[in-house]
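So this one's final-v4.cif, mmCIF, C-alpha atoms and all ligand atoms; chains and numbers go by the auth columns:
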data_run
loop_
_atom_site.group_PDB
_atom_site.id
_atom_site.type_symbol
_atom_site.label_atom_id
_atom_site.label_comp_id
_atom_site.label_asym_id
_atom_site.label_seq_id
_atom_site.Cartn_x
_atom_site.Cartn_y
_atom_site.Cartn_z
_atom_site.B_iso_or_equiv
_atom_site.auth_seq_id
_atom_site.auth_asym_id
ATOM 1 C CA MET A 1 -85.641 -35.939 96.586 0.00 1 A
ATOM 2 C CA ALA A 2 -88.683 -36.568 98.781 0.00 2 A
ATOM 3 C CA SER A 3 -89.334 -33.856 101.365 0.00 3 A
ATOM 4 C CA ARG A 4 -88.467 -34.778 104.982 0.00 4 A
ATOM 5 C CA LYS A 5 -90.894 -32.418 106.682 0.00 5 A
ATOM 6 C CA LYS A 6 -92.821 -33.750 109.685 0.00 6 A
ATOM 7 C CA VAL A 7 -96.022 -35.457 108.768 0.00 7 A
ATOM 8 C CA LEU A 8 -99.177 -35.482 110.829 0.00 8 A
ATOM 9 C CA LEU A 9 -101.657 -38.130 109.785 0.00 9 A
ATOM 10 C CA LYS A 10 -105.252 -38.165 110.929 0.00 10 A
ATOM 11 C CA VAL A 11 -106.835 -41.567 111.460 0.00 11 A
ATOM 12 C CA ILE A 12 -110.422 -42.007 112.567 0.00 12 A
ATOM 13 C CA ILE A 13 -111.995 -45.138 114.046 0.00 13 A
ATOM 14 C CA LEU A 14 -115.626 -45.913 113.267 0.00 14 A
ATOM 15 C CA GLY A 15 -117.997 -48.743 114.101 0.00 15 A
ATOM 16 C CA ASP A 16 -120.942 -49.574 116.338 0.00 16 A
ATOM 17 C CA SER A 17 -120.806 -48.923 120.031 0.00 17 A
ATOM 18 C CA GLY A 18 -119.184 -51.782 121.978 0.00 18 A
ATOM 19 C CA VAL A 19 -117.116 -53.312 119.146 0.00 19 A
ATOM 20 C CA GLY A 20 -113.878 -52.314 120.875 0.00 20 A
ATOM 21 C CA LYS A 21 -112.759 -49.138 119.097 0.00 21 A
ATOM 22 C CA THR A 22 -111.468 -47.478 122.266 0.00 22 A
ATOM 23 C CA SER A 23 -109.867 -50.725 123.430 0.00 23 A
ATOM 24 C CA LEU A 24 -108.005 -51.171 120.128 0.00 24 A
ATOM 25 C CA MET A 25 -106.678 -47.616 120.277 0.00 25 A
ATOM 26 C CA ASN A 26 -105.670 -48.010 123.922 0.00 26 A
ATOM 27 C CA GLN A 27 -103.922 -51.296 123.190 0.00 27 A
ATOM 28 C CA TYR A 28 -102.035 -49.774 120.279 0.00 28 A
ATOM 29 C CA VAL A 29 -101.068 -46.458 121.902 0.00 29 A
ATOM 30 C CA ASN A 30 -100.694 -47.427 125.562 0.00 30 A
ATOM 31 C CA LYS A 31 -100.168 -51.208 125.304 0.00 31 A
ATOM 32 C CA ARG A 32 -102.994 -51.686 127.780 0.00 32 A
ATOM 33 C CA PHE A 33 -106.400 -53.273 127.919 0.00 33 A
ATOM 34 C CA SER A 34 -108.435 -51.742 130.706 0.00 34 A
ATOM 35 C CA SER A 35 -111.969 -50.596 131.176 0.00 35 A
ATOM 36 C CA GLN A 36 -110.833 -47.826 133.516 0.00 36 A
ATOM 37 C CA TYR A 37 -109.083 -46.014 130.702 0.00 37 A
ATOM 38 C CA LYS A 38 -112.288 -46.114 128.686 0.00 38 A
ATOM 39 C CA ALA A 39 -114.182 -44.228 131.354 0.00 39 A
ATOM 40 C CA THR A 40 -111.596 -41.483 131.638 0.00 40 A
ATOM 41 C CA ILE A 41 -110.863 -40.686 128.011 0.00 41 A
ATOM 42 C CA GLY A 42 -112.259 -37.275 127.298 0.00 42 A
ATOM 43 C CA ALA A 43 -109.799 -36.251 124.598 0.00 43 A
ATOM 44 C CA ASP A 44 -110.793 -36.162 120.956 0.00 44 A
ATOM 45 C CA PHE A 45 -107.668 -38.009 119.883 0.00 45 A
ATOM 46 C CA LEU A 46 -104.421 -39.681 120.975 0.00 46 A
ATOM 47 C CA THR A 47 -101.133 -39.328 119.162 0.00 47 A
ATOM 48 C CA LYS A 48 -98.333 -41.780 118.539 0.00 48 A
ATOM 49 C CA GLU A 49 -95.042 -41.306 116.709 0.00 49 A
ATOM 50 C CA VAL A 50 -94.250 -44.183 114.406 0.00 50 A
ATOM 51 C CA LEU A 51 -91.722 -45.099 111.786 0.00 51 A
ATOM 52 C CA VAL A 52 -93.282 -45.964 108.437 0.00 52 A
ATOM 53 C CA ASP A 53 -90.771 -47.304 105.923 0.00 53 A
ATOM 54 C CA ASP A 54 -87.997 -45.232 107.607 0.00 54 A
ATOM 55 C CA ARG A 55 -90.081 -42.096 107.739 0.00 55 A
ATOM 56 C CA MET A 56 -91.116 -40.663 111.131 0.00 56 A
ATOM 57 C CA VAL A 57 -94.794 -39.750 111.228 0.00 57 A
ATOM 58 C CA THR A 58 -97.231 -38.688 113.918 0.00 58 A
ATOM 59 C CA LEU A 59 -100.461 -40.606 113.931 0.00 59 A
ATOM 60 C CA GLN A 60 -103.355 -38.648 115.354 0.00 60 A
ATOM 61 C CA ILE A 61 -105.982 -41.261 116.170 0.00 61 A
ATOM 62 C CA TRP A 62 -109.511 -39.978 116.692 0.00 62 A
ATOM 63 C CA ASP A 63 -111.910 -42.011 118.755 0.00 63 A
ATOM 64 C CA THR A 64 -115.535 -41.259 119.473 0.00 64 A
ATOM 65 C CA ALA A 65 -116.735 -40.481 122.977 0.00 65 A
ATOM 66 C CA GLY A 66 -119.811 -42.668 122.622 0.00 66 A
ATOM 67 C CA GLN A 67 -121.717 -40.397 120.213 0.00 67 A
ATOM 68 C CA GLU A 68 -121.596 -43.158 117.580 0.00 68 A
ATOM 69 C CA ARG A 69 -124.755 -44.533 119.202 0.00 69 A
ATOM 70 C CA PHE A 70 -126.593 -41.616 117.642 0.00 70 A
ATOM 71 C CA GLN A 71 -124.475 -41.456 114.469 0.00 71 A
ATOM 72 C CA SER A 72 -123.884 -37.779 115.222 0.00 72 A
ATOM 73 C CA LEU A 73 -120.155 -37.316 115.181 0.00 73 A
ATOM 74 C CA GLY A 74 -119.985 -33.860 113.663 0.00 74 A
ATOM 75 C CA VAL A 75 -117.993 -32.743 110.685 0.00 75 A
ATOM 76 C CA ALA A 76 -114.826 -31.867 112.679 0.00 76 A
ATOM 77 C CA PHE A 77 -114.423 -35.537 113.506 0.00 77 A
ATOM 78 C CA TYR A 78 -114.297 -36.549 109.846 0.00 78 A
ATOM 79 C CA ARG A 79 -112.593 -33.510 108.333 0.00 79 A
ATOM 80 C CA GLY A 80 -109.119 -34.090 106.880 0.00 80 A
ATOM 81 C CA ALA A 81 -108.950 -37.808 107.704 0.00 81 A
ATOM 82 C CA ASP A 82 -106.118 -39.640 105.932 0.00 82 A
ATOM 83 C CA CYS A 83 -107.391 -43.133 106.777 0.00 83 A
ATOM 84 C CA CYS A 84 -110.614 -44.512 108.211 0.00 84 A
ATOM 85 C CA VAL A 85 -110.652 -47.702 110.299 0.00 85 A
ATOM 86 C CA LEU A 86 -113.948 -49.626 110.250 0.00 86 A
ATOM 87 C CA VAL A 87 -114.358 -51.932 113.239 0.00 87 A
ATOM 88 C CA TYR A 88 -116.848 -54.751 113.843 0.00 88 A
ATOM 89 C CA ASP A 89 -117.170 -57.395 116.537 0.00 89 A
ATOM 90 C CA THR A 90 -116.552 -60.924 115.188 0.00 90 A
ATOM 91 C CA THR A 91 -119.150 -62.256 117.649 0.00 91 A
ATOM 92 C CA ALA A 92 -121.905 -59.767 116.660 0.00 92 A
ATOM 93 C CA PRO A 93 -123.102 -59.999 113.019 0.00 93 A
ATOM 94 C CA ASN A 94 -125.128 -56.781 113.243 0.00 94 A
ATOM 95 C CA THR A 95 -121.960 -54.812 113.831 0.00 95 A
ATOM 96 C CA PHE A 96 -120.554 -56.302 110.637 0.00 96 A
ATOM 97 C CA LYS A 97 -123.682 -55.340 108.679 0.00 97 A
ATOM 98 C CA SER A 98 -123.288 -51.769 109.962 0.00 98 A
ATOM 99 C CA LEU A 99 -119.929 -51.354 108.221 0.00 99 A
ATOM 100 C CA GLU A 100 -121.676 -50.436 104.982 0.00 100 A
ATOM 101 C CA SER A 101 -123.473 -47.496 106.571 0.00 101 A
ATOM 102 C CA TRP A 102 -120.370 -46.372 108.489 0.00 102 A
ATOM 103 C CA ARG A 103 -118.470 -46.339 105.224 0.00 103 A
ATOM 104 C CA ASP A 104 -121.247 -44.388 103.480 0.00 104 A
ATOM 105 C CA GLU A 105 -121.456 -41.942 106.368 0.00 105 A
ATOM 106 C CA PHE A 106 -117.714 -41.349 106.207 0.00 106 A
ATOM 107 C CA LEU A 107 -117.806 -40.680 102.472 0.00 107 A
ATOM 108 C CA ILE A 108 -120.683 -38.214 102.876 0.00 108 A
ATOM 109 C CA GLN A 109 -119.222 -36.344 105.842 0.00 109 A
ATOM 110 C CA ALA A 110 -115.547 -36.296 104.864 0.00 110 A
ATOM 111 C CA SER A 111 -116.219 -36.064 101.106 0.00 111 A
ATOM 112 C CA PRO A 112 -112.708 -37.141 100.049 0.00 112 A
ATOM 113 C CA ARG A 113 -111.501 -36.061 96.629 0.00 113 A
ATOM 114 C CA ASP A 114 -111.303 -39.624 95.318 0.00 114 A
ATOM 115 C CA PRO A 115 -113.937 -41.659 97.232 0.00 115 A
ATOM 116 C CA ASP A 116 -113.344 -44.913 95.315 0.00 116 A
ATOM 117 C CA ASN A 117 -109.707 -44.998 96.360 0.00 117 A
ATOM 118 C CA PHE A 118 -109.947 -43.593 99.878 0.00 118 A
ATOM 119 C CA PRO A 119 -108.043 -45.887 102.282 0.00 119 A
ATOM 120 C CA PHE A 120 -110.294 -47.767 104.683 0.00 120 A
ATOM 121 C CA VAL A 121 -108.922 -50.584 106.847 0.00 121 A
ATOM 122 C CA VAL A 122 -111.347 -53.152 108.289 0.00 122 A
ATOM 123 C CA ILE A 123 -110.841 -54.765 111.700 0.00 123 A
ATOM 124 C CA GLY A 124 -112.837 -57.683 113.102 0.00 124 A
ATOM 125 C CA ASN A 125 -112.218 -57.485 116.851 0.00 125 A
ATOM 126 C CA LYS A 126 -112.650 -59.860 119.844 0.00 126 A
ATOM 127 C CA ILE A 127 -111.299 -63.016 118.184 0.00 127 A
ATOM 128 C CA ASP A 128 -110.270 -64.195 121.652 0.00 128 A
ATOM 129 C CA LEU A 129 -113.944 -65.022 122.303 0.00 129 A
ATOM 130 C CA GLU A 130 -115.357 -68.473 121.544 0.00 130 A
ATOM 131 C CA ASN A 131 -118.662 -67.418 120.027 0.00 131 A
ATOM 132 C CA ARG A 132 -117.505 -66.192 116.635 0.00 132 A
ATOM 133 C CA ALA A 133 -120.409 -65.342 114.313 0.00 133 A
ATOM 134 C CA VAL A 134 -118.768 -63.581 111.333 0.00 134 A
ATOM 135 C CA THR A 135 -116.509 -65.853 109.290 0.00 135 A
ATOM 136 C CA PRO A 136 -113.276 -64.521 107.786 0.00 136 A
ATOM 137 C CA LYS A 137 -114.613 -65.572 104.382 0.00 137 A
ATOM 138 C CA ARG A 138 -117.708 -63.390 104.694 0.00 138 A
ATOM 139 C CA ALA A 139 -115.692 -60.401 105.873 0.00 139 A
ATOM 140 C CA GLN A 140 -113.092 -60.832 103.155 0.00 140 A
ATOM 141 C CA ALA A 141 -115.773 -61.014 100.470 0.00 141 A
ATOM 142 C CA TRP A 142 -117.144 -57.637 101.583 0.00 142 A
ATOM 143 C CA CYS A 143 -113.656 -56.114 101.693 0.00 143 A
ATOM 144 C CA ALA A 144 -112.872 -57.468 98.224 0.00 144 A
ATOM 145 C CA ALA A 145 -116.069 -55.936 96.846 0.00 145 A
ATOM 146 C CA LYS A 146 -115.088 -52.531 98.253 0.00 146 A
ATOM 147 C CA ASN A 147 -111.975 -52.219 96.142 0.00 147 A
ATOM 148 C CA ASP A 148 -109.866 -54.725 98.107 0.00 148 A
ATOM 149 C CA LEU A 149 -109.807 -53.182 101.550 0.00 149 A
ATOM 150 C CA PRO A 150 -107.198 -54.593 103.936 0.00 150 A
ATOM 151 C CA HIS A 151 -108.814 -56.803 106.600 0.00 151 A
ATOM 152 C CA PHE A 152 -107.473 -57.868 110.003 0.00 152 A
ATOM 153 C CA GLU A 153 -108.884 -60.070 112.723 0.00 153 A
ATOM 154 C CA CYS A 154 -107.689 -58.776 116.080 0.00 154 A
ATOM 155 C CA SER A 155 -108.104 -58.986 119.792 0.00 155 A
ATOM 156 C CA ALA A 156 -107.612 -55.748 121.688 0.00 156 A
ATOM 157 C CA LYS A 157 -107.737 -57.827 124.860 0.00 157 A
ATOM 158 C CA GLU A 158 -104.865 -60.138 123.938 0.00 158 A
ATOM 159 C CA ALA A 159 -103.058 -57.679 121.651 0.00 159 A
ATOM 160 C CA THR A 160 -103.470 -60.026 118.669 0.00 160 A
ATOM 161 C CA LYS A 161 -102.576 -58.411 115.327 0.00 161 A
ATOM 162 C CA VAL A 162 -103.194 -54.905 116.692 0.00 162 A
ATOM 163 C CA ASP A 163 -99.721 -53.600 115.808 0.00 163 A
ATOM 164 C CA GLU A 164 -99.893 -55.278 112.399 0.00 164 A
ATOM 165 C CA ALA A 165 -103.200 -53.588 111.636 0.00 165 A
ATOM 166 C CA PHE A 166 -101.851 -50.175 112.627 0.00 166 A
ATOM 167 C CA VAL A 167 -98.745 -50.575 110.454 0.00 167 A
ATOM 168 C CA THR A 168 -101.084 -50.973 107.484 0.00 168 A
ATOM 169 C CA ILE A 169 -103.227 -48.071 108.703 0.00 169 A
ATOM 170 C CA ALA A 170 -100.191 -45.771 109.037 0.00 170 A
ATOM 171 C CA ARG A 171 -98.849 -46.750 105.639 0.00 171 A
ATOM 172 C CA ALA A 172 -102.246 -46.195 103.977 0.00 172 A
ATOM 173 C CA ALA A 173 -102.606 -42.805 105.683 0.00 173 A
ATOM 174 C CA LEU A 174 -99.139 -41.721 104.576 0.00 174 A
ATOM 175 C CA GLN A 175 -99.874 -42.717 100.996 0.00 175 A
ATOM 176 C CA GLN A 176 -103.161 -40.829 101.097 0.00 176 A
ATOM 177 C CA GLU A 177 -101.448 -37.727 102.490 0.00 177 A
ATOM 178 C CA ALA A 178 -98.801 -37.887 99.757 0.00 178 A
ATOM 179 C CA ASP A 179 -101.505 -38.117 97.085 0.00 179 A
ATOM 180 C CA THR A 180 -103.319 -35.119 98.582 0.00 180 A
ATOM 181 C CA GLU A 181 -100.081 -33.099 98.647 0.00 181 A
ATOM 182 C CA LEU A 182 -99.499 -33.885 95.005 0.00 182 A
ATOM 183 C CA TYR A 183 -102.970 -32.646 94.198 0.00 183 A
ATOM 184 C CA LYS A 184 -102.324 -29.401 96.106 0.00 184 A
ATOM 185 C CA GLU A 185 -99.214 -28.757 93.983 0.00 185 A
ATOM 186 C CA VAL A 186 -101.158 -28.526 90.726 0.00 186 A
ATOM 187 C CA PRO A 187 -101.723 -24.717 90.839 0.00 187 A
ATOM 188 C CA GLU A 188 -97.946 -24.171 91.078 0.00 188 A
ATOM 189 C CA ARG A 189 -97.519 -25.922 87.762 0.00 189 A
ATOM 190 C CA VAL A 190 -99.907 -23.431 86.218 0.00 190 A
ATOM 191 C CA ASP A 191 -97.741 -20.595 87.576 0.00 191 A
ATOM 192 C CA LEU A 192 -94.604 -22.076 86.025 0.00 192 A
ATOM 193 C CA ARG A 193 -96.224 -22.239 82.632 0.00 193 A
ATOM 194 C CA ARG A 194 -97.172 -18.598 82.948 0.00 194 A
ATOM 195 C CA ASN A 195 -93.480 -17.742 83.652 0.00 195 A
ATOM 196 C CA ASP A 196 -92.386 -19.701 80.596 0.00 196 A
ATOM 197 C CA ALA A 197 -94.792 -17.746 78.429 0.00 197 A
ATOM 198 C CA ALA A 198 -93.535 -14.444 79.863 0.00 198 A
ATOM 199 C CA ARG A 199 -89.918 -15.437 79.178 0.00 199 A
ATOM 200 C CA SER A 200 -90.495 -16.350 75.544 0.00 200 A
ATOM 201 C CA ASN A 201 -92.468 -13.146 74.985 0.00 201 A
ATOM 202 C CA SER A 202 -89.558 -11.083 76.306 0.00 202 A
ATOM 203 C CA GLY A 203 -87.265 -12.431 73.574 0.00 203 A
ATOM 204 C CA ASP A 204 -84.667 -13.787 76.069 0.00 204 A
ATOM 205 C CA CYS A 205 -84.834 -17.275 74.650 0.00 205 A
ATOM 206 C CA ALA A 206 -81.337 -18.712 74.154 0.00 206 A
ATOM 207 C CA CYS A 207 -82.397 -21.176 71.482 0.00 207 A
HETATM 208 P P1 LIG B . -116.234 -49.060 121.765 0.00 301 A
HETATM 209 O O1 LIG B . -115.202 -48.025 122.050 0.00 301 A
HETATM 210 O O2 LIG B . -116.266 -49.492 120.341 0.00 301 A
HETATM 211 O O3 LIG B . -117.606 -48.678 122.248 0.00 301 A
HETATM 212 P P2 LIG B . -114.949 -50.508 123.893 0.00 301 A
HETATM 213 O O4 LIG B . -115.832 -50.384 122.570 0.00 301 A
HETATM 214 O O5 LIG B . -113.519 -50.416 123.602 0.00 301 A
HETATM 215 O O6 LIG B . -115.513 -49.589 124.915 0.00 301 A
HETATM 216 O O7 LIG B . -115.268 -52.025 124.311 0.00 301 A
HETATM 217 C C1 LIG B . -116.572 -52.480 124.558 0.00 301 A
HETATM 218 C C2 LIG B . -116.519 -53.733 125.441 0.00 301 A
HETATM 219 O O8 LIG B . -115.861 -54.788 124.736 0.00 301 A
HETATM 220 C C3 LIG B . -115.740 -53.542 126.730 0.00 301 A
HETATM 221 O O9 LIG B . -116.298 -54.390 127.696 0.00 301 A
HETATM 222 C C4 LIG B . -114.361 -54.064 126.371 0.00 301 A
HETATM 223 O O10 LIG B . -113.646 -54.495 127.490 0.00 301 A
HETATM 224 C C5 LIG B . -114.728 -55.235 125.456 0.00 301 A
HETATM 225 N N1 LIG B . -113.670 -55.561 124.493 0.00 301 A
HETATM 226 C C6 LIG B . -113.033 -54.709 123.655 0.00 301 A
HETATM 227 N N2 LIG B . -112.141 -55.361 122.907 0.00 301 A
HETATM 228 C C7 LIG B . -112.205 -56.657 123.258 0.00 301 A
HETATM 229 C C8 LIG B . -111.511 -57.856 122.841 0.00 301 A
HETATM 230 O O11 LIG B . -110.645 -57.844 121.973 0.00 301 A
HETATM 231 N N3 LIG B . -111.895 -59.023 123.456 0.00 301 A
HETATM 232 C C9 LIG B . -112.840 -59.075 124.433 0.00 301 A
HETATM 233 N N4 LIG B . -113.110 -60.264 124.955 0.00 301 A
HETATM 234 N N5 LIG B . -113.493 -57.971 124.842 0.00 301 A
HETATM 235 C C10 LIG B . -113.179 -56.792 124.274 0.00 301 A
HETATM 236 P P3 LIG B . -117.141 -53.855 128.934 0.00 301 A
HETATM 237 O O12 LIG B . -117.567 -55.101 129.631 0.00 301 A
HETATM 238 O O13 LIG B . -116.203 -53.008 129.710 0.00 301 A
HETATM 239 O O14 LIG B . -118.277 -53.091 128.331 0.00 301 A
HETATM 240 MG MG MG B . -115.422 -46.098 122.737 0.00 302 A
#
What would you get if you wrote out this structure as C-alpha cells?
Amino acid sequence: MASRKKVLLKVIILGDSGVGKTSLMNQYVNKRFSSQYKATIGADFLTKEVLVDDRMVTLQIWDTAGQERFQSLGVAFYRGADCCVLVYDTTAPNTFKSLESWRDEFLIQASPRDPDNFPFVVIGNKIDLENRAVTPKRAQAWCAAKNDLPHFECSAKEATKVDEAFVTIARAALQQEADTELYKEVPERVDLRRNDAARSNSGDCAC
C-alpha cells in the first residue's frame, strides 16, 4: 500500500523579469492580481495545500525577489526542486528565447539525478493582451523538442488557465518526488540481501 505520509513539494518559478512570475503565483495562491502584493513580498516562498488525485500535498512555491535580472539566484533557490515552471510573456519574444538558458541554468544549478526526465512546465503568460508575438505553434514546437513539456497559455490578470497549469505542476512534482523516494530506497535492498546471505549461512533454511 502506498504510504500516506505528508508530502512537501518544492516548485520553483523561473523566467525573465516582468513576465508575470509573481503575478501567476499570487493569482494561484491568493486568487488576486495586484501590484501592491508584488512590492511587499519578501518571503522566499508561499505554500498552498492541494489535493492531487486524492492525495493531500503541500506545494512550496519559490519565487524570485527580482534577482533573476542578474541570473544570480543562489543554489538554495534551486536545491531539491521537484518541478520547475518556465514562464515567458506571449507579447515579448525575447522572454521566450530566454527559456532555453533558464532551463540550462536550472539543470546546472539543481543538477537533478535524471536531467532528461526532470519535470518542467512551460507557461506563456499575458494572453489577455492584444499584441501577441509568440504563437502557440512556436511554443509547442520548443516544448515538444524538450521531451514533450506541458505547455499552458495563461493570464495571471484574468485568472485564465492558472489553476489548470498548477494542477499539472503539482502532479508532475508529486511524480518526481515519488521517483526520488524510490531511488533513495535502493540501499535498503542491499541490506536485505545481506540478511538473506546471513540466514542461509547459519543453516536455518527451511527448504
Ligand atoms: P515578474 O515577477 O516575472 O517580474 P510580475 O513579473 O508578476 O512582477 O509582473 C510584471 C508586470 O506584468 C506587472 O505590471 C504585472 O501587473 C504585469 N502582468 C503580470 N501578469 C499579467 C497578465 O497576465 N496580464 C497583463 N496584462 N499583465 C500582467 P507592472 O505595470 O506592475 O510592472
Ligand atoms: Mg517577481
Around all the atoms of stretch 71-76 of chain A listed in the file, with 4 Å of room on each side, what axis-aligned box do you get, giving centre and edge lengths in Å to one decimal, as AutoDock Vina command-line options?
--center_x -119.7 --center_y -36.7 --center_z 113.0 --size_x 17.6 --size_y 17.6 --size_z 12.5
Counting all atoms listed in the file, which residues come within 10 Å of (-114.7, -40.3, 111.8), with the point read in the file's coordinates, and could you list them as a ChimeraX atom specification? /A:10-15,61-64,68,73-81,83-86,102-103,105-107,109-110
Report as a PyMOL selection string which protein, DNA and RNA residues come within 6 Å of ligand MG 302 (chain A), using all atoms listed in the file. chain A and resi 21-22+64-66
Can you write out the residues you just picked, keeping C-alpha atoms, as a PDB file, in the coordinates of the input?
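Saved file result.pdb follows:
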ATOM      1  CA  LYS A  21    -112.759 -49.138 119.097  1.00  0.00           C
ATOM      2  CA  THR A  22    -111.468 -47.478 122.266  1.00  0.00           C
ATOM      3  CA  THR A  64    -115.535 -41.259 119.473  1.00  0.00           C
ATOM      4  CA  ALA A  65    -116.735 -40.481 122.977  1.00  0.00           C
ATOM      5  CA  GLY A  66    -119.811 -42.668 122.622  1.00  0.00           C
TER       6      GLY A  66
END
For ligand LIG 301 (chain A), return the neighbouring residues as a ChimeraX atom specification (distance at most 8 Å; only C-alpha atoms and all ligand atoms). /A:14-24,33-35,38,63-66,87,125-129,154-159
Would you output that residue set with C-alpha atoms, as a compact mmCIF listing (two decimals), in the frame of the given file?
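The resulting file, result_25.txt, is reproduced below:
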# COMPACT_ATOMS: atom_id res chain seq x y z
CA LEU A 14 -115.63 -45.91 113.27
CA GLY A 15 -118.00 -48.74 114.10
CA ASP A 16 -120.94 -49.57 116.34
CA SER A 17 -120.81 -48.92 120.03
CA GLY A 18 -119.18 -51.78 121.98
CA VAL A 19 -117.12 -53.31 119.15
CA GLY A 20 -113.88 -52.31 120.88
CA LYS A 21 -112.76 -49.14 119.10
CA THR A 22 -111.47 -47.48 122.27
CA SER A 23 -109.87 -50.72 123.43
CA LEU A 24 -108.00 -51.17 120.13
CA PHE A 33 -106.40 -53.27 127.92
CA SER A 34 -108.44 -51.74 130.71
CA SER A 35 -111.97 -50.60 131.18
CA LYS A 38 -112.29 -46.11 128.69
CA ASP A 63 -111.91 -42.01 118.76
CA THR A 64 -115.54 -41.26 119.47
CA ALA A 65 -116.74 -40.48 122.98
CA GLY A 66 -119.81 -42.67 122.62
CA VAL A 87 -114.36 -51.93 113.24
CA ASN A 125 -112.22 -57.48 116.85
CA LYS A 126 -112.65 -59.86 119.84
CA ILE A 127 -111.30 -63.02 118.18
CA ASP A 128 -110.27 -64.19 121.65
CA LEU A 129 -113.94 -65.02 122.30
CA CYS A 154 -107.69 -58.78 116.08
CA SER A 155 -108.10 -58.99 119.79
CA ALA A 156 -107.61 -55.75 121.69
CA LYS A 157 -107.74 -57.83 124.86
CA GLU A 158 -104.86 -60.14 123.94
CA ALA A 159 -103.06 -57.68 121.65
Find the residues near stretch 145-151 of chain A: any atom within 12 Å, counting only C-alpha atoms, skip ones fewer than 5 places away on the same chain, and give them as a VMD selection string. chain A and resid 83 to 88 99 to 100 103 to 104 115 to 125 136 to 140 161 to 162 164 to 169 171 to 172
Can you work out which one of A:Leu182, A:Leu59, A:Asn30, A:Ser98 has the shortest atom-to-atom distance to A:Thr47, counting all atoms listed in the file? A:Leu59
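Reported to one decimal place, the separation of atom CA of A:Asp179 from atom CA of A:Leu8 is 14.2 Å.
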Go through A:Lys97, A:Phe152, A:Ala141, A:Leu46 and flag the residue nearest A:Gln27, using only C-alpha atoms for the distances. A:Leu46
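Among A:Ala92, A:Val7, A:Ala173, A:Ala178, the residue with the shortest atom-to-atom distance to A:Thr135, counting all atoms listed in the file, is A:Ala92.
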By how many Å are atom CA of A:Thr180 and atom CA of A:Val57 apart?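 So the two atoms, atom CA of A:Thr180 and atom CA of A:Val57, lie 15.9 Å apart.
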Tell me, as a PyMOL selection string, which residues lie within 6 Å of A:Thr91, counting all atoms listed in the file; anything in the same chain fewer than 5 positions away does not count. chain A and resi 131-133
Keeping only C-alpha atoms, write those residues as a PDB file, keeping the file's coordinate frame.
ATOM      1  CA  ASN A 131    -118.662 -67.418 120.027  1.00  0.00           C
ATOM      2  CA  ARG A 132    -117.505 -66.192 116.635  1.00  0.00           C
ATOM      3  CA  ALA A 133    -120.409 -65.342 114.313  1.00  0.00           C
TER       4      ALA A 133
END
Enter the distance from atom CA of A:Met25 to atom CA of A:Gln60, in Å, rounded to one decimal.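 One can read the atom CA of A:Met25 to atom CA of A:Gln60 distance as 10.8 Å.
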